[in-house]
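Step one of this worksheet: look at the structure below.
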Amino acid sequence: MQTVDNQPGTSKVMDAPKHGLPVTIITGFLGSGKTTLLNHILTNEQGLKTAVLVNEFGEIGIDNELIVSTEDNMVALNNGCVCCTINEDLVQAVYKVLERPEKIDYLVVETTGLADPLPVALTFLGTELREMTRLDSIITMVDCANFSLDLFNSQAAYSQIAYGDVIVLNKTDLVDEADVDALEVRIRDIVKEVHKHKGARILRTQKAKVPLPLILSVGLFESDKYFNPSEAKHEHHHDRDHHDCSHDHDHNHEHHHHHSNHLENDGFTSLSFESDKPLAIRKFQYFLDNQLPENVFRAKGILWFEESPKRHIFHLSGERFTLEDDDWKGQPKNQLVLIGQNLDYEKLREQIENCLCTPSTSRGKGFGKN
Ligand SMILES: Nc1nc2c(ncn2[C@@H]2O[C@H](COP(=O)(O)OP(=O)(O)OP(=O)(O)O)[C@@H](O)[C@H]2O)c(=O)[nH]1
């Protein structure tokens, strides 16, 4: 776990002392644009000093590599669900931020794409943290090109929509406006099912570019109205024995019928692959085009191809993949995480290993067109 500060140096001092530290939770399904929003916040926050807690699904923390200026403002909570396994880690991580001698104006928590945001919110409301922090809002990112509750068959995906104070319909560049309209109607219905009298603020974005005043320090989270922390049974024990996802959470909140019993992360698991050998571009492309099974919903990686001196950032969400390049800062290597349901680990691992260069692989072949 690492701790860090964005934009060191002078920071605009907010009125609130540290014990009222405003907190925003960014949630949203796998690949919806949470990290993209986080980077947008960190590059545009203008003088605010923001601490960031990032929880990632998968053994390798690819996000550490993808978040801007992570030298000193980030606590990475790797491998585990922020709402179950590492709940106590979350409390400890927030304390670490609060105890730092320098001023912190804001705390942003990015959950994994499979986390139910409600227990995360309750962590801020139902523990000692209640005195120290002020939960400002839950922001839910939605991938307009891939959103379907049926497709995900995921309790977490439902909860993310149901409890979002601000819902950002992202990736509008990939779909027709009429589809976004239909999605918005569906989402408003889900929000209404849970919050009878309260709508969510729904925004549309590309690359999560949203004016920050619309999402930060908005005070949209209405804890007293929708949650009763004193009733929350989500207790936080200071021993390590409770880091066990196999227990059934009973948060005993008003909307009990949607409580977050998302055992095994709705059947999603991850495969992490690392190698200090380069990949052969053609083989990897063959893997993507012909072998990658449909049950891999999300993948991300930092890739090294023998044919390229660049560092390639690979993302797959649904059926779409992208490869961007920048420069290596250290020794090149491959890091790849695949996330999906019912993964055949052995087969996948073998297929990826087969993409690595063998000494006889010829050089100089570029990425072909699909
Ligand atoms: N076309 C398009 N791509 C986008 C947009 N926003 C984000 N992306 C891309 O979608 C991919 C996933 O974005 P991330 O921000 O990493 O998503 P995430 O929610 O943090 O992903 P996980 O943490 O793995 O669940 C990346 O390749 C982004 O560049 C958008 O508005 N349009």
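Residues in the structure tokens are numbered from 1 in each chain, the chains being A, B, ... in the order shown, and ligands are numbered from 1 in the order shown.
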### Message
Give me, as a ChimeraX atom specification, the set of residues whose atoms come within 7 Å of any atom of ligand 1, counting only C-alpha atoms and all ligand atoms.
### Response
/A:28-37,56,112-113,170-174,205-208,298,300,315-317,322
### Task
Find the residues around Phe273 in chain A up to 12 Å (only C-alpha atoms counted), leave out those fewer than 2 positions away in its own chain, and share them as number ranges by chain.
A: 58-62, 270-271, 275-277, 299-303, 333-339, 345-346, 348-353, 355-356
### Coordinates-based distance that separates CA of Pro213 in chain A from CA of Val54 in chain A (Å, one decimal)
21.9 Å
### Message
Can you tell me which residues surround Gly219 in chain A at a distance of at most 9 Å, considering only C-alpha atoms, apart from same-chain residues fewer than 4 positions away, and format the answer as a ChimeraX atom specification?
### Response
/A:22,134-137
Written selection (N, CA and C atoms) as a PDB file, in the first residue's frame:
ATOM      1  N   PRO A  22     -14.177  16.312   3.109  1.00  0.00           N
ATOM      2  CA  PRO A  22     -15.197  15.842   2.172  1.00  0.00           C
ATOM      3  C   PRO A  22     -14.712  14.618   1.392  1.00  0.00           C
ATOM      4  N   ARG A 134     -16.900  13.881   5.817  1.00  0.00           N
ATOM      5  CA  ARG A 134     -18.260  14.227   5.374  1.00  0.00           C
ATOM      6  C   ARG A 134     -18.461  13.631   3.985  1.00  0.00           C
ATOM      7  N   LEU A 135     -19.327  12.636   3.901  1.00  0.00           N
ATOM      8  CA  LEU A 135     -19.543  12.001   2.609  1.00  0.00           C
ATOM      9  C   LEU A 135     -20.307  12.963   1.711  1.00  0.00           C
ATOM     10  N   ASP A 136     -19.653  13.376   0.656  1.00  0.00           N
ATOM     11  CA  ASP A 136     -20.243  14.401  -0.210  1.00  0.00           C
ATOM     12  C   ASP A 136     -21.185  13.791  -1.237  1.00  0.00           C
ATOM     13  N   SER A 137     -20.711  12.754  -1.921  1.00  0.00           N
ATOM     14  CA  SER A 137     -21.581  12.125  -2.919  1.00  0.00           C
ATOM     15  C   SER A 137     -20.991  10.821  -3.410  1.00  0.00           C
TER      16      SER A 137
END
### Query
CA of Asp344 in chain A and CA of Pro293 in chain A, how far apart in Å?
9.3 Å
#### Entry: For His40 in chain A, the nearest of the candidates A:Pro211, A:Gly20, A:Pro278, A:Pro119, counting only C-alpha atoms
A:Pro211
### Query
When distances are computed from only C-alpha atoms, which of A:Ala115, A:Arg320, A:Leu292, A:Thr269 shows the smallest separation from Asn342 in chain A?
A:Thr269
#### Entry: Residue nearest Val296 in chain A - candidates A:Glu324, A:Ile313, A:Glu128, A:Leu343, atoms counted: only C-alpha atoms
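Counting only C-alpha atoms, the residue closest to Val296 in chain A is A:Leu343.
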### Task
Measuring atom to atom with only C-alpha atoms, identify which of A:Ile202, A:Val108, A:Ile26, A:Val180 is nearest to Gln160 in chain A.
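Between A:Ile202, A:Val108, A:Ile26, A:Val180, the residue approaching Gln160 in chain A most closely is A:Ile26.
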### Message
Residues near Cys357 in chain A, anyone? I mean within 9 Å using only C-alpha atoms, not counting same-chain ones fewer than 5 positions away, as a ChimeraX atom specification.
### Response
/A:277-281,283,305-306
